[in-house]
>>> print(open('coords_3.cif').read())   # mmCIF, C-alpha atoms and all ligand atoms
data_data
loop_
_atom_site.label_atom_id
_atom_site.label_comp_id
_atom_site.auth_asym_id
_atom_site.auth_seq_id
_atom_site.Cartn_x
_atom_site.Cartn_y
_atom_site.Cartn_z
CA MET A 1 267.75 -75.95 27.74
CA ASN A 2 267.30 -79.66 28.35
CA LYS A 3 264.61 -81.77 26.69
CA ALA A 4 262.36 -82.00 29.77
CA GLU A 5 262.30 -78.21 30.08
CA LYS A 6 261.52 -77.86 26.35
CA ILE A 7 258.59 -80.25 26.70
CA ARG A 8 257.32 -78.45 29.81
CA LEU A 9 257.42 -75.15 27.93
CA ALA A 10 255.66 -76.79 24.97
CA ALA A 11 252.91 -77.80 27.40
CA ARG A 12 252.69 -74.20 28.66
CA LYS A 13 252.38 -73.01 25.05
CA HIS A 14 249.73 -75.65 24.39
CA CYS A 15 247.79 -74.34 27.36
CA GLU A 16 248.06 -70.70 26.28
CA GLU A 17 247.46 -71.22 22.55
CA VAL A 18 245.12 -74.22 22.46
CA ILE A 19 243.34 -74.66 25.82
CA PHE A 20 242.68 -71.08 27.00
CA PRO A 21 241.21 -69.82 23.69
CA ASN A 22 239.00 -72.88 23.20
CA VAL A 23 238.00 -74.17 26.61
CA GLU A 24 234.71 -72.28 26.75
CA LYS A 25 233.75 -73.73 23.35
CA TRP A 26 234.72 -77.24 24.54
CA GLU A 27 232.59 -76.78 27.64
CA SER A 28 229.52 -75.83 25.63
CA GLY A 29 229.39 -79.18 23.81
CA THR A 30 230.03 -82.88 24.11
CA GLN A 31 232.78 -83.28 21.52
CA TYR A 32 236.19 -84.37 22.76
CA PRO A 33 238.70 -81.91 21.18
CA LEU A 34 240.62 -84.28 18.92
CA ASP A 35 242.08 -81.35 16.96
CA ALA A 36 243.68 -80.10 20.20
CA VAL A 37 245.06 -83.56 20.92
CA LYS A 38 246.66 -83.65 17.44
CA LYS A 39 248.40 -80.37 18.32
CA ALA A 40 249.48 -81.84 21.68
CA ALA A 41 250.98 -84.77 19.77
CA LYS A 42 252.92 -82.42 17.49
CA SER A 43 254.28 -80.70 20.61
CA GLY A 44 255.56 -84.05 21.91
CA LEU A 45 253.02 -84.38 24.74
CA LEU A 46 251.66 -87.85 23.92
CA GLY A 47 254.64 -90.13 24.42
CA LEU A 48 256.34 -88.53 27.39
CA TYR A 49 257.68 -91.73 29.00
CA CYS A 50 258.15 -93.76 25.81
CA PRO A 51 261.53 -94.51 24.26
CA THR A 52 262.52 -92.31 21.31
CA GLU A 53 262.70 -95.40 19.05
CA TYR A 54 258.87 -95.53 19.28
CA GLY A 55 258.49 -91.79 18.72
CA GLY A 56 258.36 -90.93 22.43
CA GLN A 57 260.28 -88.35 24.42
CA GLY A 58 262.16 -90.81 26.65
CA LEU A 59 261.54 -88.73 29.76
CA SER A 60 261.57 -90.05 33.31
CA PHE A 61 258.40 -89.59 35.38
CA ALA A 62 260.09 -86.79 37.31
CA GLU A 63 260.83 -85.01 34.03
CA GLY A 64 257.45 -85.62 32.41
CA ILE A 65 254.91 -85.14 35.21
CA PRO A 66 255.35 -81.31 35.47
CA VAL A 67 253.68 -81.21 32.02
CA PHE A 68 250.37 -81.80 33.83
CA GLU A 69 250.88 -78.76 36.05
CA GLU A 70 251.09 -76.68 32.86
CA LEU A 71 248.02 -78.32 31.30
CA GLY A 72 246.13 -78.19 34.60
CA ARG A 73 246.26 -74.39 34.46
CA GLY A 74 243.85 -74.69 31.57
CA GLU A 75 241.49 -77.65 32.05
CA GLY A 76 242.11 -80.34 34.63
CA LEU A 77 240.14 -83.11 32.97
CA TYR A 78 241.65 -82.50 29.55
CA ALA A 79 245.01 -82.77 31.37
CA PHE A 80 243.80 -85.97 33.05
CA SER A 81 242.85 -87.53 29.70
CA LEU A 82 246.32 -86.84 28.28
CA SER A 83 247.93 -88.18 31.44
CA MET A 84 245.93 -91.41 31.13
CA HIS A 85 246.92 -91.72 27.47
CA ASN A 86 250.61 -91.25 28.39
CA ILE A 87 250.40 -93.99 31.02
CA VAL A 88 248.78 -96.35 28.51
CA ALA A 89 251.54 -95.55 25.98
CA TYR A 90 254.16 -96.21 28.67
CA ALA A 91 252.59 -99.58 29.55
CA VAL A 92 252.46 -100.61 25.89
CA CYS A 93 256.12 -99.62 25.30
CA HIS A 94 257.47 -101.20 28.46
CA HIS A 95 255.20 -104.20 29.01
CA GLY A 96 253.64 -104.90 25.62
CA GLN A 97 254.66 -108.00 23.70
CA PRO A 98 256.89 -107.15 20.70
CA SER A 99 254.27 -107.70 17.96
CA PHE A 100 251.65 -105.65 19.82
CA ARG A 101 254.11 -102.97 20.95
CA ASP A 102 255.63 -102.48 17.49
CA LYS A 103 252.19 -101.90 16.00
CA TRP A 104 250.63 -99.71 18.70
CA ALA A 105 253.48 -97.78 20.35
CA PRO A 106 254.22 -95.48 17.34
CA ARG A 107 250.49 -94.84 16.91
CA LEU A 108 250.09 -93.86 20.55
CA THR A 109 253.14 -91.59 20.71
CA SER A 110 252.15 -89.82 17.47
CA GLY A 111 248.53 -89.33 18.50
CA LYS A 112 247.24 -91.41 15.57
CA SER A 113 245.58 -93.53 18.26
CA LEU A 114 244.43 -92.71 21.78
CA GLY A 115 244.58 -95.02 24.78
CA GLY A 116 242.29 -95.57 27.77
CA PHE A 117 242.70 -97.37 31.09
CA VAL A 118 239.78 -99.48 32.32
CA LEU A 119 239.65 -100.82 35.87
CA THR A 120 236.49 -99.53 37.59
CA GLU A 121 233.22 -101.50 37.49
CA PRO A 122 229.71 -100.59 38.67
CA GLN A 123 230.20 -102.57 41.93
CA SER A 124 233.93 -101.93 42.39
CA GLY A 125 235.54 -98.49 42.53
CA SER A 126 237.67 -97.95 45.62
CA ASP A 127 237.68 -101.68 46.32
CA ALA A 128 239.11 -102.55 42.92
CA ALA A 129 239.82 -106.17 43.89
CA ARG A 130 236.05 -106.86 43.71
CA LEU A 131 236.15 -106.67 39.93
CA GLN A 132 234.01 -109.23 38.11
CA THR A 133 234.87 -108.77 34.44
CA SER A 134 236.46 -112.06 33.50
CA ALA A 135 238.78 -113.50 30.90
CA THR A 136 238.83 -117.09 29.72
CA ILE A 137 242.18 -118.18 28.35
CA ASN A 138 241.65 -120.19 25.16
CA LYS A 139 243.82 -123.09 23.94
CA ASP A 140 245.60 -120.88 21.37
CA GLY A 141 246.48 -118.35 24.11
CA SER A 142 243.84 -115.84 23.06
CA TYR A 143 241.63 -114.28 25.77
CA THR A 144 237.83 -114.03 25.71
CA LEU A 145 236.47 -111.21 27.87
CA ASN A 146 233.02 -110.74 29.37
CA GLY A 147 231.74 -108.06 31.71
CA ARG A 148 230.77 -104.48 32.28
CA LYS A 149 233.16 -101.67 33.13
CA ALA A 150 232.22 -98.23 34.47
CA TRP A 151 233.68 -94.72 34.41
CA VAL A 152 235.62 -95.38 31.21
CA SER A 153 237.20 -92.06 30.21
CA LEU A 154 237.61 -91.44 26.47
CA ALA A 155 234.77 -93.94 25.98
CA ASP A 156 234.30 -94.66 22.28
CA VAL A 157 236.99 -92.06 21.50
CA ALA A 158 240.16 -93.96 22.42
CA ASP A 159 241.32 -96.61 19.96
CA VAL A 160 242.71 -99.11 22.47
CA TYR A 161 241.85 -99.77 26.12
CA LEU A 162 243.97 -101.53 28.74
CA VAL A 163 241.32 -103.54 30.57
CA VAL A 164 241.91 -105.20 33.95
CA VAL A 165 240.12 -108.56 34.20
CA LYS A 166 240.00 -111.51 36.58
CA THR A 167 241.33 -114.75 35.26
CA SER A 168 239.84 -117.18 37.75
CA ASP A 169 236.32 -118.18 38.77
CA ASN A 170 237.36 -118.64 42.37
CA PRO A 171 235.68 -115.77 44.25
CA LYS A 172 238.55 -115.61 46.72
CA ASN A 173 241.14 -115.60 44.02
CA LYS A 174 242.35 -112.10 43.21
CA ASP A 175 244.26 -113.26 40.15
CA SER A 176 243.95 -110.70 37.40
CA ALA A 177 245.51 -109.68 34.10
CA MET A 178 245.68 -106.54 31.97
CA VAL A 179 244.57 -107.04 28.40
CA ALA A 180 244.57 -104.58 25.50
CA VAL A 181 241.21 -104.32 23.77
CA PRO A 182 240.97 -102.36 20.51
CA LYS A 183 237.80 -100.29 20.26
CA ASP A 184 236.75 -102.05 17.08
CA ALA A 185 237.08 -105.58 18.53
CA GLU A 186 233.86 -107.52 18.00
CA GLY A 187 231.62 -107.44 21.09
CA VAL A 188 232.82 -104.06 22.45
CA THR A 189 230.08 -101.47 23.00
CA PHE A 190 229.69 -98.34 25.13
CA GLY A 191 226.75 -96.93 27.07
CA GLU A 192 225.51 -93.36 26.83
CA PRO A 193 228.10 -90.84 28.11
CA TYR A 194 227.43 -89.85 31.74
CA ASN A 195 225.73 -86.51 32.22
CA LYS A 196 228.21 -84.94 34.65
CA ILE A 197 228.53 -81.43 36.13
CA VAL A 198 232.01 -80.91 34.75
CA SER A 199 233.90 -81.13 31.43
CA PRO A 200 231.01 -82.41 29.26
CA PHE A 201 233.45 -82.72 26.35
CA LEU A 202 235.25 -85.65 28.04
CA PRO A 203 233.17 -88.76 27.31
CA ILE A 204 232.91 -91.10 30.29
CA ALA A 205 230.66 -94.14 29.99
CA ASP A 206 230.16 -97.81 30.74
CA MET A 207 231.96 -100.28 28.50
CA PHE A 208 230.36 -103.65 27.70
CA LEU A 209 232.49 -106.65 26.77
CA ASP A 210 230.41 -109.40 25.24
CA ASN A 211 232.55 -112.42 24.30
CA VAL A 212 235.36 -110.16 23.11
CA THR A 213 238.27 -112.29 21.91
CA VAL A 214 241.74 -110.76 21.56
CA PRO A 215 244.94 -112.56 20.45
CA ALA A 216 247.57 -113.74 22.94
CA ASP A 217 249.91 -110.85 22.09
CA HIS A 218 247.32 -108.39 23.48
CA VAL A 219 248.13 -109.48 27.03
CA ILE A 220 250.02 -106.58 28.63
CA LEU A 221 250.28 -108.04 32.15
CA PRO A 222 249.78 -111.80 32.63
CA PRO A 223 247.50 -113.41 35.24
CA GLY A 224 248.61 -112.49 38.75
CA LYS A 225 250.13 -109.19 37.61
CA GLY A 226 247.04 -107.26 36.44
CA LEU A 227 246.01 -105.57 39.69
CA SER A 228 249.50 -104.99 41.04
CA GLY A 229 250.59 -103.53 37.68
CA SER A 230 247.49 -101.34 37.64
CA LEU A 231 248.37 -100.01 41.06
CA MET A 232 251.81 -98.99 39.74
CA ALA A 233 250.04 -97.21 36.85
CA ILE A 234 247.70 -95.59 39.37
CA ASP A 235 250.67 -94.27 41.38
CA ILE A 236 251.82 -92.44 38.24
CA ALA A 237 248.26 -91.22 37.67
CA ARG A 238 247.91 -90.00 41.28
CA THR A 239 251.15 -88.04 41.08
CA SER A 240 250.02 -86.53 37.77
CA ILE A 241 246.67 -85.51 39.31
CA ALA A 242 248.58 -83.73 42.10
CA SER A 243 250.65 -81.98 39.42
CA GLY A 244 247.46 -80.93 37.59
CA CYS A 245 246.06 -79.59 40.88
CA CYS A 246 249.09 -77.31 41.17
CA GLY A 247 248.22 -75.89 37.75
CA LEU A 248 244.65 -75.29 38.89
CA MET A 249 245.93 -73.59 42.06
CA SER A 250 248.49 -71.36 40.33
CA ALA A 251 246.01 -70.28 37.63
CA SER A 252 243.35 -69.51 40.27
CA LEU A 253 245.84 -67.63 42.43
CA ASP A 254 246.97 -65.51 39.45
CA THR A 255 243.35 -64.65 38.61
CA ALA A 256 242.60 -63.71 42.20
CA LEU A 257 245.76 -61.60 42.46
CA CYS A 258 244.91 -59.72 39.25
CA TYR A 259 241.35 -59.08 40.35
CA ALA A 260 242.28 -57.98 43.87
CA ARG A 261 245.10 -55.74 42.60
CA ASP A 262 242.73 -53.86 40.28
CA ARG A 263 239.57 -53.80 42.39
CA GLN A 264 239.23 -50.54 44.30
CA MET A 265 237.21 -50.42 47.52
CA PHE A 266 237.10 -48.20 50.61
CA GLY A 267 239.79 -45.99 49.12
CA LYS A 268 242.35 -48.66 48.29
CA SER A 269 243.03 -51.81 46.30
CA GLU A 270 241.40 -55.05 47.52
CA LEU A 271 244.90 -56.55 47.61
CA ASP A 272 245.93 -54.01 50.26
CA PHE A 273 243.58 -55.53 52.84
CA GLN A 274 245.43 -57.86 55.16
CA GLY A 275 242.36 -60.12 55.42
CA ILE A 276 242.56 -60.73 51.66
CA GLN A 277 246.35 -61.05 51.68
CA TRP A 278 246.21 -63.77 54.30
CA MET A 279 243.66 -65.74 52.31
CA LEU A 280 246.05 -65.65 49.36
CA THR A 281 249.21 -66.37 51.37
CA ASP A 282 247.67 -69.62 52.59
CA ILE A 283 247.00 -70.62 48.99
CA ALA A 284 250.60 -69.80 48.07
CA THR A 285 251.87 -72.05 50.90
CA ASP A 286 249.50 -74.89 49.91
CA LEU A 287 250.70 -74.59 46.32
CA GLU A 288 254.36 -74.78 47.38
CA ALA A 289 253.64 -77.80 49.57
CA SER A 290 251.64 -79.57 46.83
CA ARG A 291 254.38 -78.93 44.28
CA LEU A 292 257.06 -80.35 46.59
CA LEU A 293 254.90 -83.40 47.29
CA TYR A 294 254.24 -84.25 43.64
CA LYS A 295 257.85 -83.59 42.61
CA HIS A 296 259.12 -85.79 45.44
CA ALA A 297 256.64 -88.55 44.51
CA SER A 298 257.57 -88.35 40.83
CA GLU A 299 261.22 -89.01 41.76
CA LEU A 300 260.22 -92.11 43.74
CA LEU A 301 257.78 -93.73 41.28
CA GLY A 302 258.88 -97.26 40.49
CA THR A 303 260.69 -97.65 43.84
CA PRO A 304 259.17 -99.22 46.98
CA GLU A 305 258.57 -95.71 48.39
CA GLY A 306 256.68 -94.54 45.28
CA THR A 307 253.22 -95.66 46.40
CA ILE A 308 253.27 -93.89 49.73
CA ALA A 309 254.77 -90.71 48.24
CA ALA A 310 252.09 -90.67 45.53
CA ALA A 311 249.41 -91.18 48.21
CA HIS A 312 250.70 -88.20 50.22
CA ALA A 313 250.64 -86.00 47.08
CA LYS A 314 247.18 -87.20 46.02
CA ARG A 315 245.84 -86.83 49.58
CA PHE A 316 247.06 -83.25 49.92
CA ALA A 317 246.94 -81.48 46.54
CA PRO A 318 243.26 -82.01 45.60
CA ASP A 319 242.11 -80.82 49.05
CA ALA A 320 244.32 -77.76 48.59
CA ALA A 321 242.85 -77.25 45.10
CA VAL A 322 239.28 -77.35 46.45
CA LYS A 323 240.18 -74.81 49.14
CA THR A 324 241.99 -72.65 46.58
CA ALA A 325 239.09 -72.57 44.13
CA ALA A 326 236.62 -71.64 46.90
CA THR A 327 238.90 -68.95 48.35
CA CYS A 328 239.64 -67.41 44.94
CA MET A 329 235.93 -67.36 44.16
CA GLN A 330 235.43 -65.40 47.37
CA VAL A 331 238.21 -62.95 46.47
CA LEU A 332 236.49 -62.24 43.13
CA GLY A 333 233.11 -61.63 44.77
CA GLY A 334 230.20 -62.05 42.35
CA SER A 335 232.59 -62.01 39.37
CA GLY A 336 233.93 -65.41 40.51
CA LEU A 337 230.59 -66.96 39.64
CA LEU A 338 230.77 -65.81 36.03
CA ALA A 339 232.14 -67.97 33.24
CA PRO A 340 234.80 -65.57 31.87
CA SER A 341 236.62 -65.56 35.23
CA SER A 342 237.66 -69.26 34.82
CA ILE A 343 237.33 -69.54 38.62
CA GLU A 344 233.87 -71.09 38.33
CA ARG A 345 235.37 -73.82 36.10
CA MET A 346 238.16 -74.48 38.61
CA TYR A 347 235.51 -74.64 41.34
CA ARG A 348 233.74 -77.47 39.50
CA ILE A 349 236.93 -79.30 38.49
CA ALA A 350 238.74 -79.29 41.87
CA PRO A 351 236.43 -81.76 43.73
CA VAL A 352 236.71 -84.24 40.83
CA MET A 353 240.43 -84.44 41.59
CA LYS A 354 239.55 -85.80 45.04
CA ILE A 355 237.77 -88.77 43.42
CA VAL A 356 239.49 -89.76 40.19
CA ASP A 357 242.38 -92.28 40.39
CA GLY A 358 241.61 -93.14 44.02
CA THR A 359 239.69 -90.96 46.46
CA THR A 360 241.19 -88.84 49.24
CA GLU A 361 239.96 -91.44 51.73
CA ILE A 362 241.73 -94.25 49.87
CA GLN A 363 244.97 -92.25 50.05
CA ARG A 364 244.44 -92.11 53.80
CA VAL A 365 243.95 -95.88 53.80
CA VAL A 366 247.31 -96.30 51.99
CA ILE A 367 249.06 -93.91 54.39
CA ALA A 368 247.41 -95.53 57.45
CA ARG A 369 248.62 -98.98 56.36
CA ALA A 370 252.17 -97.63 56.14
CA LEU A 371 251.81 -96.07 59.59
CA GLN A 372 250.56 -99.37 61.03
CA LYS A 373 253.53 -101.15 59.49
CA HIS A 374 255.89 -98.56 60.93
CA ALA A 375 254.23 -98.94 64.35
CA GLN A 376 255.22 -102.62 64.33
CA THR A 377 258.88 -101.64 64.01
CA LEU A 378 258.83 -99.33 67.07
CA PRO A 379 260.14 -100.53 70.47
CA GLU A 380 257.66 -102.13 72.85
CA ASP A 381 257.78 -99.51 75.58
CA TRP A 382 256.53 -96.20 74.20
CA ALA A 383 257.54 -94.38 77.38
CA GLN A 384 261.19 -95.33 76.75
CA LEU A 385 261.10 -94.41 73.05
CA HIS A 386 263.06 -91.17 73.24
CA ASN A 387 264.78 -91.62 76.58
C1 LIG B 401 236.14 -87.93 36.15
C2 LIG B 401 236.42 -89.38 36.41
C3 LIG B 401 237.09 -90.14 35.47
C4 LIG B 401 237.34 -91.49 35.71
N1 LIG B 401 237.98 -92.23 34.76
C5 LIG B 401 238.23 -93.54 34.98
C6 LIG B 401 238.86 -94.34 33.97
O1 LIG B 401 239.20 -93.85 32.87
N2 LIG B 401 239.07 -95.66 34.22
C7 LIG B 401 238.70 -96.23 35.41
O2 LIG B 401 238.95 -97.43 35.59
N3 LIG B 401 238.09 -95.51 36.38
C8 LIG B 401 237.86 -94.18 36.20
N4 LIG B 401 237.21 -93.44 37.17
C9 LIG B 401 236.73 -94.10 38.38
C10 LIG B 401 237.43 -93.69 39.65
O3 LIG B 401 238.69 -94.27 39.71
C11 LIG B 401 236.51 -94.08 40.81
O4 LIG B 401 235.42 -93.16 40.76
C12 LIG B 401 237.18 -94.00 42.16
O5 LIG B 401 238.14 -95.01 42.29
C13 LIG B 401 236.17 -94.11 43.31
O6 LIG B 401 235.33 -95.20 43.13
P1 LIG B 401 233.73 -95.01 43.23
O7 LIG B 401 233.36 -93.81 42.44
O8 LIG B 401 233.12 -96.30 42.88
O9 LIG B 401 233.44 -94.64 44.74
P2 LIG B 401 233.21 -95.73 45.92
O10 LIG B 401 234.29 -96.74 45.89
O11 LIG B 401 231.80 -96.19 45.88
O12 LIG B 401 233.41 -94.82 47.21
C14 LIG B 401 232.34 -94.06 47.81
C15 LIG B 401 232.90 -93.27 48.98
O13 LIG B 401 233.38 -94.19 49.98
C16 LIG B 401 234.68 -93.77 50.36
N5 LIG B 401 235.48 -94.93 50.81
C17 LIG B 401 235.82 -96.02 50.12
N6 LIG B 401 236.57 -96.84 50.86
C18 LIG B 401 236.71 -96.24 52.07
C19 LIG B 401 237.39 -96.59 53.30
N7 LIG B 401 238.09 -97.72 53.40
N8 LIG B 401 237.31 -95.74 54.33
C20 LIG B 401 236.60 -94.59 54.23
N9 LIG B 401 235.96 -94.19 53.10
C21 LIG B 401 236.01 -95.02 52.05
C22 LIG B 401 235.27 -93.16 49.11
O14 LIG B 401 236.36 -92.33 49.43
C23 LIG B 401 234.08 -92.38 48.60
O15 LIG B 401 234.02 -91.14 49.26
C24 LIG B 401 236.94 -92.08 36.95
C25 LIG B 401 236.26 -91.31 37.90
C26 LIG B 401 236.00 -89.98 37.65
C27 LIG B 401 235.28 -89.17 38.69
#
>>> encode(input="coords_3.cif", output="structure tokens")
Amino acid sequence: MNKAEKIRLAARKHCEEVIFPNVEKWESGTQYPLDAVKKAAKSGLLGLYCPTEYGGQGLSFAEGIPVFEELGRGEGLYAFSLSMHNIVAYAVCHHGQPSFRDKWAPRLTSGKSLGGFVLTEPQSGSDAARLQTSATINKDGSYTLNGRKAWVSLADVADVYLVVVKTSDNPKNKDSAMVAVPKDAEGVTFGEPYNKIVSPFLPIADMFLDNVTVPADHVILPPGKGLSGSLMAIDIARTSIASGCCGLMSASLDTALCYARDRQMFGKSELDFQGIQWMLTDIATDLEASRLLYKHASELLGTPEGTIAAAHAKRFAPDAAVKTAATCMQVLGGSGLLAPSSIERMYRIAPVMKIVDGTTEIQRVVIARALQKHAQTLPEDWAQLHN
């Protein structure tokens, strides 16, 4: 068995032995399950794309991203938080300056420290280029940061945050950098965690940066590279979300199949009704399609085709997950509304996947831009195109 397969199976085990037995307890409180994350670290799930010399697994994206399908069977936002951490660890290993990387990379791959990614602001979500949080570059090369970020996952729980900032006062200038900010840096504070309808254990909050000064070696991506580098990170995140959606779909489908197989009605099993079978066949097809899309995208990440492939996967899989959760709830009848079924949890998680790391509409924007570009390459006379 190769290493990637071992890690994928370790993720499956983590889901069965750590997520399934505890997820109801997690959901009843507001504590992020750090004990579970320590176990994930021991199973090799925290440094998927990092070189082995830093304690990572040295996997490619195509090898590592199926991990999130396994974790997504259990809890999609727990899976998301580990995916974000893995992307931060990757950025530190591959783009961090040697002194910063040597200190933080082993901590991140071993789970001693957790990482967060901070781009969104109160006034800029989809339109990320409207960010206002700014960095002044000091004479000694250190950066001083001021501003307010929003939707910071692992708020006050992660130990280091990769923060995207603008580095120019010119309102038309989209220059930006990515700077690592340790949680304990002076001037860093967090707002109250948002009161959201899903995964209360995952803290998400505003982050305030009040004259936060970090040394020059904390610059991960220099001015001019911050937003473009973030978009590369977001392509990985989008593909991982699509992978997590496949986990949500396969777990929901299994639950619905079990229920329908055992539920007797009108003299036969619910699963023997063609109306029910066809509902479930459509889910099976959507799952196959979503899996192919995320696997294809994960092969292309880092190439010029990666962005569009990730957009296709992120456009399709969360919609399919929403449809799956609703259909499976219907197959379970009233039982689908009850907590032990896990379907009600999937029903709340699935729509979040349409928003986080770029909404479904933004994926359409990305795809539409590519279509417009392609249109410019087509011959002038459409009527002659295939003659
Ligand atoms: C659970 C969760 C965790 C998150 N964690 C993080 C994190 O750790 N770090 C971080 O930086 N961010 C994080 N985010 C923020 C997330 O990336 C943003 O929520 C997302 O990019 C959308 O931005 P917005 O919420 O401001 O929506 P808006 O940008 O206000 O969009 C509102 C609506 O307008 C639509 N829209 C926007 N543009 C167009 C268009 N051109 N055409 C048609 N419709 C359009 C959108 O699709 C959406 O439906 C998280 C979000 C969630 C839900």
>>> residues_near_ligand(input="coords_3.cif", ligand="ligand LIG 401 (chain B)", cutoff="9 Å", atoms="all atoms listed in the file", output="VMD selection string")
chain A and resid 77 80 to 81 84 116 to 128 149 to 155 163 to 164 196 198 to 199 202 204 to 205 349 352 to 365
>>> residues_around(input="coords_3.cif", residues="Asp156 in chain A", least_positions_apart="2", cutoff="12 Å", atoms="all atoms listed in the file", output="mmCIF file with C-alpha atoms, keeping the file's coordinate frame")
data_model
loop_
_atom_site.group_PDB
_atom_site.id
_atom_site.type_symbol
_atom_site.label_atom_id
_atom_site.label_comp_id
_atom_site.auth_asym_id
_atom_site.auth_seq_id
_atom_site.Cartn_x
_atom_site.Cartn_y
_atom_site.Cartn_z
ATOM 1 C CA GLN A 31 232.780 -83.280 21.520
ATOM 2 C CA TYR A 32 236.190 -84.370 22.760
ATOM 3 C CA LEU A 114 244.430 -92.710 21.780
ATOM 4 C CA GLY A 115 244.580 -95.020 24.780
ATOM 5 C CA GLY A 116 242.290 -95.570 27.770
ATOM 6 C CA VAL A 152 235.620 -95.380 31.210
ATOM 7 C CA SER A 153 237.200 -92.060 30.210
ATOM 8 C CA LEU A 154 237.610 -91.440 26.470
ATOM 9 C CA ALA A 158 240.160 -93.960 22.420
ATOM 10 C CA ASP A 159 241.320 -96.610 19.960
ATOM 11 C CA VAL A 160 242.710 -99.110 22.470
ATOM 12 C CA TYR A 161 241.850 -99.770 26.120
ATOM 13 C CA VAL A 181 241.210 -104.320 23.770
ATOM 14 C CA PRO A 182 240.970 -102.360 20.510
ATOM 15 C CA LYS A 183 237.800 -100.290 20.260
ATOM 16 C CA ASP A 184 236.750 -102.050 17.080
ATOM 17 C CA ALA A 185 237.080 -105.580 18.530
ATOM 18 C CA VAL A 188 232.820 -104.060 22.450
ATOM 19 C CA THR A 189 230.080 -101.470 23.000
ATOM 20 C CA PHE A 190 229.690 -98.340 25.130
ATOM 21 C CA GLY A 191 226.750 -96.930 27.070
ATOM 22 C CA GLU A 192 225.510 -93.360 26.830
ATOM 23 C CA PRO A 193 228.100 -90.840 28.110
ATOM 24 C CA LEU A 202 235.250 -85.650 28.040
ATOM 25 C CA PRO A 203 233.170 -88.760 27.310
ATOM 26 C CA ILE A 204 232.910 -91.100 30.290
ATOM 27 C CA ALA A 205 230.660 -94.140 29.990
ATOM 28 C CA ASP A 206 230.160 -97.810 30.740
ATOM 29 C CA MET A 207 231.960 -100.280 28.500
ATOM 30 C CA PHE A 208 230.360 -103.650 27.700
#
>>> residues_around(input="coords_3.cif", residues="range 1-11 of chain A", least_positions_apart="4", cutoff="7 Å", atoms="all atoms listed in the file", output="VMD selection string")
chain A and resid 15 43 to 44 59 63 to 64 66 to 67 70 to 71
>>> axis_aligned_box(input="coords_3.cif", around="range 202-206 of chain A", padding_each_side="8 Å", output="lines of an AutoDock Vina configuration file")
center_x = 232.7
center_y = -91.7
center_z = 29.0
size_x = 21.1
size_y = 28.2
size_z = 19.4
>>> residues_around(input="coords_3.cif", residues="range 299-309 of chain A", least_positions_apart="2", cutoff="8 Å", atoms="only C-alpha atoms", output="PyMOL selection string")
chain A and resi 61-62+232+235-236+293-297+311-313+366-367+370
>>> atom_distance(input="coords_3.cif", atom1="CA of Ile220 in chain A", atom2="CA of Val165 in chain A")
11.5 Å
>>> residues_around(input="coords_3.cif", residues="Cys50 in chain A", least_positions_apart="5", cutoff="10 Å", atoms="only C-alpha atoms", output="MDAnalysis selection string")
chainID A and resid 55:60 86:87 89:94 105:106 108:109
>>> atom_distance(input="coords_3.cif", atom1="CA of Leu332 in chain A", atom2="CA of Gly244 in chain A")
22.4 Å
>>> atom_distance(input="coords_3.cif", atom1="CA of Gly187 in chain A", atom2="CA of Tyr143 in chain A")
13.0 Å
>>> residues_around(input="coords_3.cif", residues="Glu344 in chain A", least_positions_apart="5", cutoff="12 Å", atoms="all atoms listed in the file", output="VMD selection string")
chain A and resid 24 75 197 to 198 248 252 255 322 324 to 330 332 to 339 349 to 350
>>> write_last_selection(input="coords_3.cif", atoms="C-alpha atoms", output="PDB file, keeping the file's coordinate frame")
ATOM      1  CA  GLU A  24     234.710 -72.280  26.750  1.00  0.00           C
ATOM      2  CA  GLU A  75     241.490 -77.650  32.050  1.00  0.00           C
ATOM      3  CA  ILE A 197     228.530 -81.430  36.130  1.00  0.00           C
ATOM      4  CA  VAL A 198     232.010 -80.910  34.750  1.00  0.00           C
ATOM      5  CA  LEU A 248     244.650 -75.290  38.890  1.00  0.00           C
ATOM      6  CA  SER A 252     243.350 -69.510  40.270  1.00  0.00           C
ATOM      7  CA  THR A 255     243.350 -64.650  38.610  1.00  0.00           C
ATOM      8  CA  VAL A 322     239.280 -77.350  46.450  1.00  0.00           C
ATOM      9  CA  THR A 324     241.990 -72.650  46.580  1.00  0.00           C
ATOM     10  CA  ALA A 325     239.090 -72.570  44.130  1.00  0.00           C
ATOM     11  CA  ALA A 326     236.620 -71.640  46.900  1.00  0.00           C
ATOM     12  CA  THR A 327     238.900 -68.950  48.350  1.00  0.00           C
ATOM     13  CA  CYS A 328     239.640 -67.410  44.940  1.00  0.00           C
ATOM     14  CA  MET A 329     235.930 -67.360  44.160  1.00  0.00           C
ATOM     15  CA  GLN A 330     235.430 -65.400  47.370  1.00  0.00           C
ATOM     16  CA  LEU A 332     236.490 -62.240  43.130  1.00  0.00           C
ATOM     17  CA  GLY A 333     233.110 -61.630  44.770  1.00  0.00           C
ATOM     18  CA  GLY A 334     230.200 -62.050  42.350  1.00  0.00           C
ATOM     19  CA  SER A 335     232.590 -62.010  39.370  1.00  0.00           C
ATOM     20  CA  GLY A 336     233.930 -65.410  40.510  1.00  0.00           C
ATOM     21  CA  LEU A 337     230.590 -66.960  39.640  1.00  0.00           C
ATOM     22  CA  LEU A 338     230.770 -65.810  36.030  1.00  0.00           C
ATOM     23  CA  ALA A 339     232.140 -67.970  33.240  1.00  0.00           C
ATOM     24  CA  ILE A 349     236.930 -79.300  38.490  1.00  0.00           C
ATOM     25  CA  ALA A 350     238.740 -79.290  41.870  1.00  0.00           C
TER      26      ALA A 350
END
